[in-house]
$ cat final_13.pdb   # PDB, C-alpha atoms
MODEL        1
ATOM      1  CA  MET U   1     -15.074  21.206 -19.850
ATOM      2  CA  SER U   2     -17.211  19.654 -17.160
ATOM      3  CA  LEU U   3     -17.502  15.906 -17.317
ATOM      4  CA  LEU U   4     -21.182  16.286 -16.426
ATOM      5  CA  GLU U   5     -21.702  17.654 -19.916
ATOM      6  CA  LEU U   6     -20.570  14.532 -21.757
ATOM      7  CA  ASP U   7     -23.224  13.445 -24.222
ATOM      8  CA  ASP U   8     -23.355  11.873 -27.684
ATOM      9  CA  TYR U   9     -22.712  15.203 -29.389
ATOM     10  CA  MET U  10     -19.718  15.963 -27.196
ATOM     11  CA  ILE U  11     -18.250  12.515 -27.781
ATOM     12  CA  ARG U  12     -18.684  12.838 -31.550
ATOM     13  CA  SER U  13     -16.979  16.240 -31.493
ATOM     14  CA  MET U  14     -13.727  14.896 -30.021
ATOM     15  CA  SER U  15     -10.708  15.808 -32.149
ATOM     16  CA  ILE U  16      -6.950  16.087 -31.806
ATOM     17  CA  GLY U  17      -5.904  19.088 -29.722
ATOM     18  CA  ALA U  18      -2.192  18.327 -29.306
ATOM     19  CA  VAL U  19       0.407  16.027 -30.888
ATOM     20  CA  PHE U  20       3.775  14.914 -29.478
ATOM     21  CA  SER U  21       5.835  13.061 -32.090
ATOM     22  CA  ASP U  22       9.400  13.127 -30.763
ATOM     23  CA  PHE U  23       9.367   9.519 -29.483
ATOM     24  CA  VAL U  24      11.734   6.916 -30.959
ATOM     25  CA  GLY U  25       9.685   3.738 -31.305
ATOM     26  CA  LYS U  26       6.534   2.608 -29.497
ATOM     27  CA  ILE U  27       4.877   4.187 -26.498
ATOM     28  CA  PHE U  28       4.293   1.149 -24.270
ATOM     29  CA  SER U  29       1.976   2.633 -21.652
ATOM     30  CA  LEU U  30       0.592   5.854 -20.238
ATOM     31  CA  ASP U  31      -1.219   6.941 -17.077
ATOM     32  CA  PHE U  32      -3.057   9.995 -15.769
ATOM     33  CA  HIS U  33      -2.622  11.212 -12.211
ATOM     34  CA  ARG U  34      -5.861  10.879 -10.250
ATOM     35  CA  THR U  35      -6.030  14.438  -8.925
ATOM     36  CA  ASP U  36      -3.403  16.542 -10.738
ATOM     37  CA  ASP U  37      -3.477  17.492 -14.432
ATOM     38  CA  LEU U  38      -0.580  15.233 -15.314
ATOM     39  CA  LEU U  39       0.146  12.382 -17.720
ATOM     40  CA  VAL U  40       3.159  10.069 -17.784
ATOM     41  CA  THR U  41       4.380   7.805 -20.609
ATOM     42  CA  ALA U  42       6.879   4.943 -20.884
ATOM     43  CA  SER U  43       8.311   4.192 -24.303
ATOM     44  CA  GLU U  44      10.638   2.049 -26.381
ATOM     45  CA  ASP U  45      13.367   4.707 -26.332
ATOM     46  CA  ASP U  46      13.772   3.985 -22.580
ATOM     47  CA  SER U  47      12.213   7.326 -21.658
ATOM     48  CA  VAL U  48       9.673   8.371 -19.059
ATOM     49  CA  ARG U  49       7.934  11.622 -19.991
ATOM     50  CA  LEU U  50       5.777  13.853 -17.807
ATOM     51  CA  TYR U  51       3.130  16.140 -19.346
ATOM     52  CA  ASP U  52       0.964  18.983 -18.123
ATOM     53  CA  ILE U  53      -2.371  18.069 -19.735
ATOM     54  CA  ALA U  54      -4.041  21.394 -18.914
ATOM     55  CA  ASN U  55      -1.591  23.251 -21.142
ATOM     56  CA  ALA U  56      -0.498  20.398 -23.458
ATOM     57  CA  LYS U  57       3.118  20.784 -22.402
ATOM     58  CA  LEU U  58       6.000  18.348 -21.944
ATOM     59  CA  LEU U  59       7.419  19.051 -18.484
ATOM     60  CA  LYS U  60      10.232  16.543 -18.111
ATOM     61  CA  THR U  61      11.951  13.577 -19.787
ATOM     62  CA  THR U  62      14.146  11.049 -18.005
ATOM     63  CA  TYR U  63      16.002   8.105 -19.566
ATOM     64  CA  HIS U  64      16.492   4.656 -18.062
ATOM     65  CA  LYS U  65      18.961   2.805 -20.278
ATOM     66  CA  LYS U  66      19.959   0.135 -17.742
ATOM     67  CA  HIS U  67      16.482  -1.244 -17.075
ATOM     68  CA  GLY U  68      14.366   0.186 -19.888
ATOM     69  CA  THR U  69      10.722   1.165 -19.449
ATOM     70  CA  ASP U  70       7.486  -0.735 -20.059
ATOM     71  CA  ARG U  71       4.377  -0.515 -17.809
ATOM     72  CA  ILE U  72       4.017   2.708 -15.850
ATOM     73  CA  CYS U  73       1.607   4.201 -13.321
ATOM     74  CA  PHE U  74       1.533   7.178 -10.998
ATOM     75  CA  THR U  75       1.761   6.832  -7.241
ATOM     76  CA  HIS U  76      -0.284   9.307  -5.190
ATOM     77  CA  HIS U  77       2.530  11.848  -5.358
ATOM     78  CA  PRO U  78       2.412  13.862  -8.618
ATOM     79  CA  SER U  79       6.129  13.485  -9.342
ATOM     80  CA  SER U  80       6.571   9.794  -8.431
ATOM     81  CA  VAL U  81       5.819   6.771 -10.612
ATOM     82  CA  ILE U  82       6.187   3.000 -10.645
ATOM     83  CA  CYS U  83       7.805   1.658 -13.796
ATOM     84  CA  SER U  84       8.494  -1.909 -14.891
ATOM     85  CA  SER U  85      11.772  -2.966 -16.504
ATOM     86  CA  ARG U  86      12.435  -4.464 -19.938
ATOM     87  CA  TYR U  87      16.107  -5.402 -19.564
ATOM     88  CA  ASN U  88      18.129  -7.747 -17.322
ATOM     89  CA  LEU U  89      15.089  -9.203 -15.559
ATOM     90  CA  GLU U  90      16.590 -12.666 -15.172
ATOM     91  CA  THR U  91      19.951 -11.409 -13.917
ATOM     92  CA  THR U  92      18.975  -8.540 -11.601
ATOM     93  CA  GLY U  93      15.373  -9.450 -10.748
ATOM     94  CA  GLU U  94      14.737  -5.686 -10.567
ATOM     95  CA  SER U  95      11.403  -5.950 -12.331
ATOM     96  CA  LEU U  96       9.844  -2.800 -10.850
ATOM     97  CA  ARG U  97      11.191   0.581  -9.813
ATOM     98  CA  TYR U  98       9.772   3.429  -7.750
ATOM     99  CA  LEU U  99      11.015   6.579  -9.487
ATOM    100  CA  SER U 100      11.100  10.246  -8.556
ATOM    101  CA  MET U 101      10.581  12.399 -11.638
ATOM    102  CA  TYR U 102      11.502  15.486  -9.637
ATOM    103  CA  ASP U 103      15.186  14.607  -9.293
ATOM    104  CA  ASN U 104      15.449  11.502 -11.526
ATOM    105  CA  ARG U 105      16.192   9.094  -8.675
ATOM    106  CA  CYS U 106      15.207   5.500  -8.116
ATOM    107  CA  LEU U 107      13.663   5.483  -4.644
ATOM    108  CA  ARG U 108      13.242   1.714  -4.408
ATOM    109  CA  TYR U 109      13.663  -1.508  -6.396
ATOM    110  CA  PHE U 110      11.097  -4.288  -6.214
ATOM    111  CA  LYS U 111      12.569  -7.706  -7.002
ATOM    112  CA  GLY U 112      10.531 -10.790  -7.775
ATOM    113  CA  HIS U 113       9.205 -11.156 -11.303
ATOM    114  CA  LYS U 114      11.529 -13.026 -13.643
ATOM    115  CA  GLN U 115       9.654 -12.142 -16.813
ATOM    116  CA  ARG U 116       8.053  -9.039 -18.277
ATOM    117  CA  VAL U 117       5.394  -7.235 -16.253
ATOM    118  CA  VAL U 118       2.304  -6.822 -18.458
ATOM    119  CA  SER U 119      -0.117  -5.223 -15.985
ATOM    120  CA  LEU U 120       0.385  -2.672 -13.219
ATOM    121  CA  CYS U 121      -2.108  -0.886 -10.973
ATOM    122  CA  MET U 122      -1.793   1.428  -7.963
ATOM    123  CA  SER U 123      -4.309   1.313  -5.129
ATOM    124  CA  PRO U 124      -6.418   4.486  -5.057
ATOM    125  CA  ILE U 125      -6.450   4.600  -1.241
ATOM    126  CA  ASN U 126      -3.034   3.543   0.094
ATOM    127  CA  ASP U 127       0.560   2.640  -0.849
ATOM    128  CA  SER U 128      -0.263  -0.824  -2.195
ATOM    129  CA  PHE U 129       0.103  -1.744  -5.847
ATOM    130  CA  ILE U 130      -0.258  -4.922  -7.909
ATOM    131  CA  SER U 131       1.748  -6.253 -10.823
ATOM    132  CA  GLY U 132       0.948  -9.090 -13.227
ATOM    133  CA  SER U 133       3.744 -10.824 -15.135
ATOM    134  CA  LEU U 134       4.324 -13.348 -17.902
ATOM    135  CA  ASP U 135       5.913 -15.515 -15.188
ATOM    136  CA  HIS U 136       2.280 -16.496 -14.343
ATOM    137  CA  SER U 137       2.096 -14.574 -11.110
ATOM    138  CA  ALA U 138       0.481 -11.453  -9.697
ATOM    139  CA  ARG U 139       2.334  -9.780  -6.844
ATOM    140  CA  ILE U 140       1.089  -7.354  -4.221
ATOM    141  CA  TRP U 141       3.571  -4.700  -3.075
ATOM    142  CA  ASP U 142       3.833  -1.747  -0.722
ATOM    143  CA  LEU U 143       5.767   1.350  -1.809
ATOM    144  CA  ARG U 144       7.365   1.593   1.639
ATOM    145  CA  VAL U 145       8.830  -1.934   1.648
ATOM    146  CA  ASN U 146      11.171  -3.703  -0.770
ATOM    147  CA  ALA U 147       9.781  -7.163  -0.153
ATOM    148  CA  CYS U 148       6.767  -8.527  -1.975
ATOM    149  CA  GLN U 149       3.707  -8.596   0.306
ATOM    150  CA  GLY U 150       1.842 -11.412  -1.434
ATOM    151  CA  ILE U 151       1.983 -13.699  -4.479
ATOM    152  CA  LEU U 152      -0.861 -15.194  -6.500
ATOM    153  CA  ARG U 153       0.168 -18.104  -8.744
ATOM    154  CA  LEU U 154      -1.986 -18.096 -11.860
ATOM    155  CA  ARG U 155      -2.538 -19.661 -15.259
ATOM    156  CA  GLY U 156      -1.489 -17.744 -18.345
ATOM    157  CA  ARG U 157      -1.073 -13.989 -18.650
ATOM    158  CA  PRO U 158      -2.500 -12.193 -15.566
ATOM    159  CA  THR U 159      -4.126  -8.780 -15.821
ATOM    160  CA  VAL U 160      -4.843  -6.788 -12.662
ATOM    161  CA  ALA U 161      -6.958  -3.801 -11.598
ATOM    162  CA  TYR U 162      -8.226  -2.153  -8.422
ATOM    163  CA  ASP U 163     -11.759  -0.846  -8.232
ATOM    164  CA  GLN U 164     -12.027   2.918  -7.735
ATOM    165  CA  GLN U 165     -12.651   2.559  -3.990
ATOM    166  CA  GLY U 166      -9.566   0.379  -3.493
ATOM    167  CA  LEU U 167     -11.587  -2.261  -1.645
ATOM    168  CA  VAL U 168     -11.496  -4.917  -4.367
ATOM    169  CA  PHE U 169      -8.994  -5.963  -6.973
ATOM    170  CA  ALA U 170      -9.608  -8.152  -9.988
ATOM    171  CA  VAL U 171      -7.240 -10.617 -11.622
ATOM    172  CA  ALA U 172      -8.075 -11.908 -15.086
ATOM    173  CA  MET U 173      -6.297 -14.980 -16.427
ATOM    174  CA  GLU U 174      -6.346 -17.793 -18.933
ATOM    175  CA  GLY U 175      -9.685 -19.082 -20.154
ATOM    176  CA  GLY U 176     -11.632 -15.900 -19.448
ATOM    177  CA  ALA U 177     -11.623 -16.366 -15.664
ATOM    178  CA  ILE U 178     -11.841 -13.209 -13.540
ATOM    179  CA  LYS U 179     -11.229 -13.552  -9.827
ATOM    180  CA  LEU U 180     -12.237 -10.834  -7.351
ATOM    181  CA  PHE U 181     -10.273 -10.377  -4.119
ATOM    182  CA  ASP U 182     -10.871  -8.309  -1.009
ATOM    183  CA  SER U 183      -7.771  -6.103  -0.955
ATOM    184  CA  ARG U 184      -7.622  -6.337   2.872
ATOM    185  CA  SER U 185      -7.753 -10.152   2.981
ATOM    186  CA  TYR U 186      -6.570 -11.404  -0.411
ATOM    187  CA  ASP U 187      -4.681 -14.227   1.290
ATOM    188  CA  ARG U 188      -8.050 -15.924   1.884
ATOM    189  CA  GLY U 189      -8.477 -16.360  -1.852
ATOM    190  CA  PRO U 190     -11.047 -14.860  -4.222
ATOM    191  CA  PHE U 191     -14.525 -14.116  -2.916
ATOM    192  CA  ASP U 192     -15.987 -14.434  -6.406
ATOM    193  CA  THR U 193     -15.032 -15.798  -9.832
ATOM    194  CA  PHE U 194     -16.560 -14.890 -13.196
ATOM    195  CA  LEU U 195     -16.171 -16.729 -16.480
ATOM    196  CA  VAL U 196     -16.418 -14.830 -19.735
ATOM    197  CA  GLY U 197     -17.919 -17.595 -21.806
ATOM    198  CA  GLY U 198     -17.285 -18.055 -25.512
ATOM    199  CA  ASP U 199     -13.921 -16.301 -25.713
ATOM    200  CA  THR U 200     -10.749 -18.306 -25.098
ATOM    201  CA  ALA U 201      -8.381 -15.387 -25.776
ATOM    202  CA  GLU U 202      -6.393 -14.005 -22.876
ATOM    203  CA  VAL U 203      -7.492 -10.775 -21.224
ATOM    204  CA  CYS U 204      -4.866  -8.099 -21.810
ATOM    205  CA  ASP U 205      -6.565  -5.224 -19.979
ATOM    206  CA  ILE U 206      -9.208  -4.810 -17.295
ATOM    207  CA  LYS U 207     -10.712  -1.637 -15.823
ATOM    208  CA  PHE U 208     -13.470  -0.776 -13.350
ATOM    209  CA  SER U 209     -15.851   2.090 -13.988
ATOM    210  CA  ASN U 210     -15.665   4.944 -11.474
ATOM    211  CA  ASP U 211     -18.985   3.952  -9.888
ATOM    212  CA  GLY U 212     -17.738   0.368  -9.475
ATOM    213  CA  LYS U 213     -20.752  -1.079 -11.277
ATOM    214  CA  SER U 214     -19.044  -2.216 -14.486
ATOM    215  CA  MET U 215     -15.829  -3.846 -15.639
ATOM    216  CA  LEU U 216     -14.229  -3.397 -19.037
ATOM    217  CA  LEU U 217     -12.248  -6.305 -20.502
ATOM    218  CA  THR U 218     -10.048  -6.216 -23.596
ATOM    219  CA  THR U 219      -8.751  -9.512 -25.005
ATOM    220  CA  THR U 220      -5.671 -10.285 -27.060
ATOM    221  CA  ASN U 221      -7.843 -10.855 -30.141
ATOM    222  CA  ASN U 222      -9.376  -7.375 -29.782
ATOM    223  CA  ASN U 223     -12.737  -8.329 -28.329
ATOM    224  CA  ILE U 224     -14.086  -5.867 -25.767
ATOM    225  CA  TYR U 225     -16.673  -6.698 -23.101
ATOM    226  CA  VAL U 226     -18.571  -4.654 -20.544
ATOM    227  CA  LEU U 227     -19.473  -6.807 -17.527
ATOM    228  CA  ASP U 228     -21.632  -6.226 -14.500
ATOM    229  CA  ALA U 229     -19.042  -5.924 -11.722
ATOM    230  CA  TYR U 230     -21.315  -7.522  -9.123
ATOM    231  CA  GLY U 231     -22.577 -10.589 -10.928
ATOM    232  CA  GLY U 232     -20.178 -10.888 -13.852
ATOM    233  CA  GLU U 233     -22.957 -10.907 -16.454
ATOM    234  CA  LYS U 234     -21.902  -9.760 -19.901
ATOM    235  CA  GLN U 235     -23.766  -6.500 -20.597
ATOM    236  CA  PHE U 236     -22.513  -6.282 -24.151
ATOM    237  CA  GLY U 237     -19.420  -6.836 -26.278
ATOM    238  CA  PHE U 238     -17.944  -5.858 -29.612
ATOM    239  CA  SER U 239     -15.078  -6.960 -31.856
ATOM    240  CA  LEU U 240     -12.503  -4.695 -33.458
ATOM    241  CA  GLU U 241     -10.018  -5.189 -36.273
ATOM    242  CA  PRO U 242      -7.018  -7.278 -35.172
ATOM    243  CA  SER U 243      -3.685  -5.633 -34.406
ATOM    244  CA  PRO U 244      -1.035  -8.343 -35.021
ATOM    245  CA  GLY U 245       1.874  -8.254 -32.617
ATOM    246  CA  THR U 246       0.373  -5.766 -30.199
ATOM    247  CA  THR U 247      -2.607  -5.378 -27.899
ATOM    248  CA  ILE U 248      -5.068  -2.499 -27.804
ATOM    249  CA  GLU U 249      -6.610  -0.666 -24.881
ATOM    250  CA  ALA U 250     -10.158   0.470 -24.144
ATOM    251  CA  THR U 251     -11.326   3.000 -21.576
ATOM    252  CA  PHE U 252     -14.446   4.151 -19.755
ATOM    253  CA  THR U 253     -15.345   7.811 -19.674
ATOM    254  CA  PRO U 254     -15.257   9.036 -16.042
ATOM    255  CA  ASP U 255     -19.067   9.139 -15.848
ATOM    256  CA  GLY U 256     -19.221   5.494 -16.938
ATOM    257  CA  LYS U 257     -21.601   6.295 -19.810
ATOM    258  CA  TYR U 258     -19.278   5.526 -22.722
ATOM    259  CA  VAL U 259     -16.498   3.161 -23.783
ATOM    260  CA  VAL U 260     -13.757   4.310 -26.165
ATOM    261  CA  ALA U 261     -11.377   1.881 -27.897
ATOM    262  CA  GLY U 262      -8.815   1.788 -30.674
ATOM    263  CA  SER U 263      -8.483  -0.858 -33.368
ATOM    264  CA  GLY U 264      -5.896  -2.500 -35.584
ATOM    265  CA  SER U 265      -7.124  -0.545 -38.600
ATOM    266  CA  GLY U 266      -6.207   2.790 -37.019
ATOM    267  CA  THR U 267      -9.783   3.793 -36.224
ATOM    268  CA  MET U 268     -11.167   4.614 -32.781
ATOM    269  CA  HIS U 269     -14.736   3.974 -31.683
ATOM    270  CA  ALA U 270     -17.052   5.149 -28.899
ATOM    271  CA  TRP U 271     -20.098   3.279 -27.644
ATOM    272  CA  SER U 272     -22.939   4.348 -25.398
ATOM    273  CA  ILE U 273     -23.250   1.763 -22.611
ATOM    274  CA  GLU U 274     -26.856   2.682 -21.886
ATOM    275  CA  GLN U 275     -27.991   2.592 -25.525
ATOM    276  CA  ARG U 276     -25.555  -0.196 -26.506
ATOM    277  CA  ILE U 277     -24.800   1.480 -29.808
ATOM    278  CA  GLU U 278     -21.744   3.037 -31.449
ATOM    279  CA  VAL U 279     -21.980   6.816 -31.230
ATOM    280  CA  ALA U 280     -18.686   7.893 -32.822
ATOM    281  CA  CYS U 281     -15.883   6.661 -35.054
ATOM    282  CA  TRP U 282     -12.707   8.593 -35.805
ATOM    283  CA  SER U 283      -9.432   8.054 -37.606
ATOM    284  CA  SER U 284      -6.681   8.031 -34.992
ATOM    285  CA  HIS U 285      -4.225   9.619 -37.500
ATOM    286  CA  ILE U 286      -1.456   7.625 -35.752
ATOM    287  CA  GLY U 287      -2.124   4.034 -36.849
ATOM    288  CA  ALA U 288      -3.291   1.457 -34.315
ATOM    289  CA  PRO U 289      -3.481   3.272 -30.938
ATOM    290  CA  TRP U 290      -2.412   0.595 -28.453
ATOM    291  CA  CYS U 291      -2.492   3.023 -25.504
ATOM    292  CA  LEU U 292      -5.770   4.765 -24.741
ATOM    293  CA  LYS U 293      -7.014   6.349 -21.504
ATOM    294  CA  TRP U 294      -9.575   8.990 -20.593
ATOM    295  CA  ALA U 295      -8.450  11.701 -18.157
ATOM    296  CA  PRO U 296     -10.039  11.266 -14.696
ATOM    297  CA  ARG U 297     -11.420  14.808 -14.343
ATOM    298  CA  ARG U 298     -11.571  16.201 -17.860
ATOM    299  CA  ALA U 299     -13.347  15.952 -21.180
ATOM    300  CA  MET U 300     -10.160  14.615 -22.727
ATOM    301  CA  PHE U 301      -8.468  11.359 -23.638
ATOM    302  CA  ALA U 302      -4.951  10.402 -24.727
ATOM    303  CA  ALA U 303      -4.188   7.954 -27.533
ATOM    304  CA  ALA U 304      -0.706   6.746 -28.416
ATOM    305  CA  SER U 305       1.228   4.497 -30.799
ATOM    306  CA  THR U 306       4.634   5.879 -31.765
ATOM    307  CA  VAL U 307       3.023   9.313 -31.400
ATOM    308  CA  LEU U 308       1.094  10.746 -28.430
ATOM    309  CA  THR U 309      -2.152  12.645 -29.088
ATOM    310  CA  PHE U 310      -4.517  14.534 -26.768
ATOM    311  CA  TRP U 311      -8.168  14.536 -27.842
ATOM    312  CA  ILE U 312     -10.602  17.247 -26.717
ATOM    313  CA  PRO U 313     -14.146  18.360 -27.639
ATOM    314  CA  ASN U 314     -14.361  20.554 -30.713
ATOM    315  CA  THR U 315     -17.154  22.718 -29.353
ATOM    316  CA  SER U 316     -16.479  26.032 -31.100
ATOM    317  CA  ASN U 317     -16.902  24.811 -34.672
ATOM    318  CA  PRO U 318     -17.789  21.203 -35.505
ATOM    319  CA  LYS U 319     -16.351  21.569 -39.004
ATOM    320  CA  SER U 320     -12.914  22.809 -37.975
ATOM    321  CA  GLU U 321     -10.020  20.476 -37.282
ATOM    322  CA  ASN U 322      -9.338  21.601 -33.713
ATOM    323  CA  GLY U 323     -11.968  24.129 -32.684
ATOM    324  CA  GLY U 324     -10.876  26.616 -30.031
ATOM    325  CA  SER U 325      -7.747  26.715 -27.953
ATOM    326  CA  TYR U 326      -6.489  23.563 -26.299
ATOM    327  CA  ALA U 327      -6.720  24.933 -22.757
ATOM    328  CA  ALA U 328     -10.227  26.330 -23.214
ATOM    329  CA  ALA U 329     -11.651  23.196 -24.798
ATOM    330  CA  ALA U 330     -10.143  20.822 -22.264
ATOM    331  CA  GLY U 331     -11.255  22.999 -19.349
ATOM    332  CA  ALA U 332      -7.840  24.144 -18.211
ATOM    333  CA  HIS U 333      -6.945  24.900 -14.633
ATOM    334  CA  PRO U 334      -3.853  26.872 -13.650
ATOM    335  CA  GLN U 335      -0.590  25.093 -14.392
ATOM    336  CA  PRO U 336       0.182  22.521 -11.647
ATOM    337  CA  HIS U 337       2.781  23.357  -9.039
ATOM    338  CA  PHE U 338       5.659  20.861  -8.635
ATOM    339  CA  TYR U 339       7.533  20.211  -5.457
TER     340      TYR U 339
ENDMDL
END
$ encode --input "final_13.pdb" --output "structure tokens"
Amino acid sequence: MSLLELDDYMIRSMSIGAVFSDFVGKIFSLDFHRTDDLLVTASEDDSVRLYDIANAKLLKTTYHKKHGTDRICFTHHPSSVICSSRYNLETTGESLRYLSMYDNRCLRYFKGHKQRVVSLCMSPINDSFISGSLDHSARIWDLRVNACQGILRLRGRPTVAYDQQGLVFAVAMEGGAIKLFDSRSYDRGPFDTFLVGGDTAEVCDIKFSNDGKSMLLTTTNNNIYVLDAYGGEKQFGFSLEPSPGTTIEATFTPDGKYVVAGSGSGTMHAWSIEQRIEVACWSSHIGAPWCLKWAPRRAMFAAASTVLTFWIPNTSNPKSENGGSYAAAAGAHPQPHFY
């Protein structure tokens, strides 16, 4: 399904096309590959799982009992990921690992953070990536080098994100402050700082829209804001039911027209950015979905709690539960080739 066809009707027609329920405990994070039809998850059972999203198929599961799994993101290679650790952080310092899913090898350890990594983002243009930790620091790394390339000392819980061009990264911290850095000269300090006034909660997630014009902030008290990425002005915001003990995630659609978010009550909502109104509300069927991302090149999103679900447009019959085949509705390409 072409992303150019996303409209209010298509958004409202989204329904569950596939369910994966064989996890033991929470799914902590998930990520789509930028160019291949792949999804990866990290979960409480210490597993990393790789999925073919075109055919709704689990391709591979690896377990990481020594370090555990927490935040995860793809590198540029379709079978390599960066994963943060949950265990032995203070003793080993091995807070981040560069993993090959192809042969279940750790290609590199990245030592530095002494507490849990809560935010992780890969540069879209090179081998750099950024991590934010509860040790009040954000660190810049390079996949090719063990040593940390740069450290930003911050207040509170840092949340990090690159823009889609890889030229700018944002760091959100305590008190609603968002600092923007030039990724080529971050050592000079931020070139701009925004303040999200009126909300003292910490930012737990930040995303740029694909066109770079907007930023999406999610706070620990489940407030969601869309900001102008150039001036920091609040375009609009909305509050969702609290989810005690866990944070939720919101996502842009790839065309930047809509925002989708979960809530503590187990519902999911979609808003039109242009119209500034809610256009859809669904039951997640899986409780509070604390992981939520829209696929980069498809009319599809993934939502997860202790269960992983793929959502696709129900275009064949609006009254049916899952109209049409999964592959047809999601706009399937041939199954990806793995090296």
$ residues_near_point --input "final_13.pdb" --point "(-7.7, -16.8, -24.7)" --cutoff "9 Å" --atoms "all atoms listed in the file" --output "PyMOL selection string"
chain U and resi 156+173-176+199-203+219-221
$ atom_distance --input "final_13.pdb" --atom1 "CA of Ile27 (chain U)" --atom2 "CA of Ile72 (chain U)"
10.8 Å
$ resolve_selection --input "final_13.pdb" --expression "the PyMOL selection byres ((chain U and resi 251-261) around 8)" --output "number ranges by chain"
U: 3-4, 207, 209-211, 216, 248-250, 262-263, 268-274, 292-297
$ residues_around --input "final_13.pdb" --residues "Ser21 (chain U)" --least-positions-apart "5" --cutoff "10 Å" --atoms "all atoms listed in the file" --output "ChimeraX atom specification"
/U:286,304-309
$ atom_distance --input "final_13.pdb" --atom1 "CA of Met215 (chain U)" --atom2 "CA of Leu227 (chain U)"
5.1 Å
$ resolve_selection --input "final_13.pdb" --expression "the PyMOL selection byres ((chain U and resi 125) around 8)" --output "short mmCIF file (atom, residue, chain, number, x, y, z; two decimals) with C-alpha atoms, keeping the file's coordinate frame"
data_model
loop_
_atom_site.label_atom_id
_atom_site.label_comp_id
_atom_site.auth_asym_id
_atom_site.auth_seq_id
_atom_site.Cartn_x
_atom_site.Cartn_y
_atom_site.Cartn_z
CA SER U 123 -4.31 1.31 -5.13
CA PRO U 124 -6.42 4.49 -5.06
CA ASN U 126 -3.03 3.54 0.09
CA ASP U 127 0.56 2.64 -0.85
CA GLN U 165 -12.65 2.56 -3.99
CA GLY U 166 -9.57 0.38 -3.49
#
$ residues_around --input "final_13.pdb" --residues "Cys106 (chain U)" --least-positions-apart "4" --cutoff "10 Å" --atoms "only C-alpha atoms" --output "list in words"
Ser80, Val81, Ile82, Arg97, Tyr98, Leu99, Ser100 and Met101 of chain U
$ residues_around --input "final_13.pdb" --residues "Val118 (chain U)" --least-positions-apart "2" --cutoff "9 Å" --atoms "only C-alpha atoms" --output "VMD selection string"
chain U and resid 70 to 71 84 116 120 131 to 134 157 to 159 204
$ residues_near_point --input "final_13.pdb" --point "(-6.7, 11.2, -26.7)" --cutoff "7 Å" --atoms "all atoms listed in the file" --output "list in words"
Leu292, Met300, Phe301, Ala302, Ala303, Thr309, Phe310 and Trp311 of chain U
$ write_last_selection --input "final_13.pdb" --atoms "C-alpha atoms" --output "PDB file, keeping the file's coordinate frame"
ATOM      1  CA  LEU U 292      -5.770   4.765 -24.741  1.00  0.00           C
ATOM      2  CA  MET U 300     -10.160  14.615 -22.727  1.00  0.00           C
ATOM      3  CA  PHE U 301      -8.468  11.359 -23.638  1.00  0.00           C
ATOM      4  CA  ALA U 302      -4.951  10.402 -24.727  1.00  0.00           C
ATOM      5  CA  ALA U 303      -4.188   7.954 -27.533  1.00  0.00           C
ATOM      6  CA  THR U 309      -2.152  12.645 -29.088  1.00  0.00           C
ATOM      7  CA  PHE U 310      -4.517  14.534 -26.768  1.00  0.00           C
ATOM      8  CA  TRP U 311      -8.168  14.536 -27.842  1.00  0.00           C
TER       9      TRP U 311
END
$ atom_distance --input "final_13.pdb" --atom1 "CA of Leu217 (chain U)" --atom2 "CA of His136 (chain U)"
18.8 Å
$ closest_residue --input "final_13.pdb" --among "U:Ala299, U:Val279, U:Ile140, U:Ile224" --to "Ile53 (chain U)" --atoms "all atoms listed in the file"
U:Ala299
$ resolve_selection --input "final_13.pdb" --expression "the PyMOL selection byres ((chain U and resi 29) around 6)" --output "ChimeraX atom specification"
/U:27-28,30,41-42,71,291
$ write_last_selection --input "final_13.pdb" --atoms "C-alpha atoms" --output "mmCIF file, keeping the file's coordinate frame"
data_model
loop_
_atom_site.group_PDB
_atom_site.id
_atom_site.type_symbol
_atom_site.label_atom_id
_atom_site.label_comp_id
_atom_site.auth_asym_id
_atom_site.auth_seq_id
_atom_site.Cartn_x
_atom_site.Cartn_y
_atom_site.Cartn_z
ATOM 1 C CA ILE U 27 4.877 4.187 -26.498
ATOM 2 C CA PHE U 28 4.293 1.149 -24.270
ATOM 3 C CA LEU U 30 0.592 5.854 -20.238
ATOM 4 C CA THR U 41 4.380 7.805 -20.609
ATOM 5 C CA ALA U 42 6.879 4.943 -20.884
ATOM 6 C CA ARG U 71 4.377 -0.515 -17.809
ATOM 7 C CA CYS U 291 -2.492 3.023 -25.504
#
$ residues_around --input "final_13.pdb" --residues "Ser95 (chain U)" --least-positions-apart "5" --cutoff "6 Å" --atoms "only C-alpha atoms" --output "list in words"
Ser84, Ser85, Leu89, Lys111 and His113 of chain U
$ residues_around --input "final_13.pdb" --residues "Gly189 (chain U)" --least-positions-apart "5" --cutoff "12 Å" --atoms "only C-alpha atoms" --output "JSON, numbers by chain"
{"U": [150, 151, 152, 153, 169, 170, 171, 179, 180, 181, 182, 183, 184]}
$ closest_residue --input "final_13.pdb" --among "U:Asp205, U:Gly212, U:Leu107, U:Glu94" --to "Val168 (chain U)" --atoms "only C-alpha atoms"
U:Gly212
$ closest_residue --input "final_13.pdb" --among "U:Thr218, U:Met10, U:Tyr87, U:Leu96" --to "Cys148 (chain U)" --atoms "only C-alpha atoms"
U:Leu96
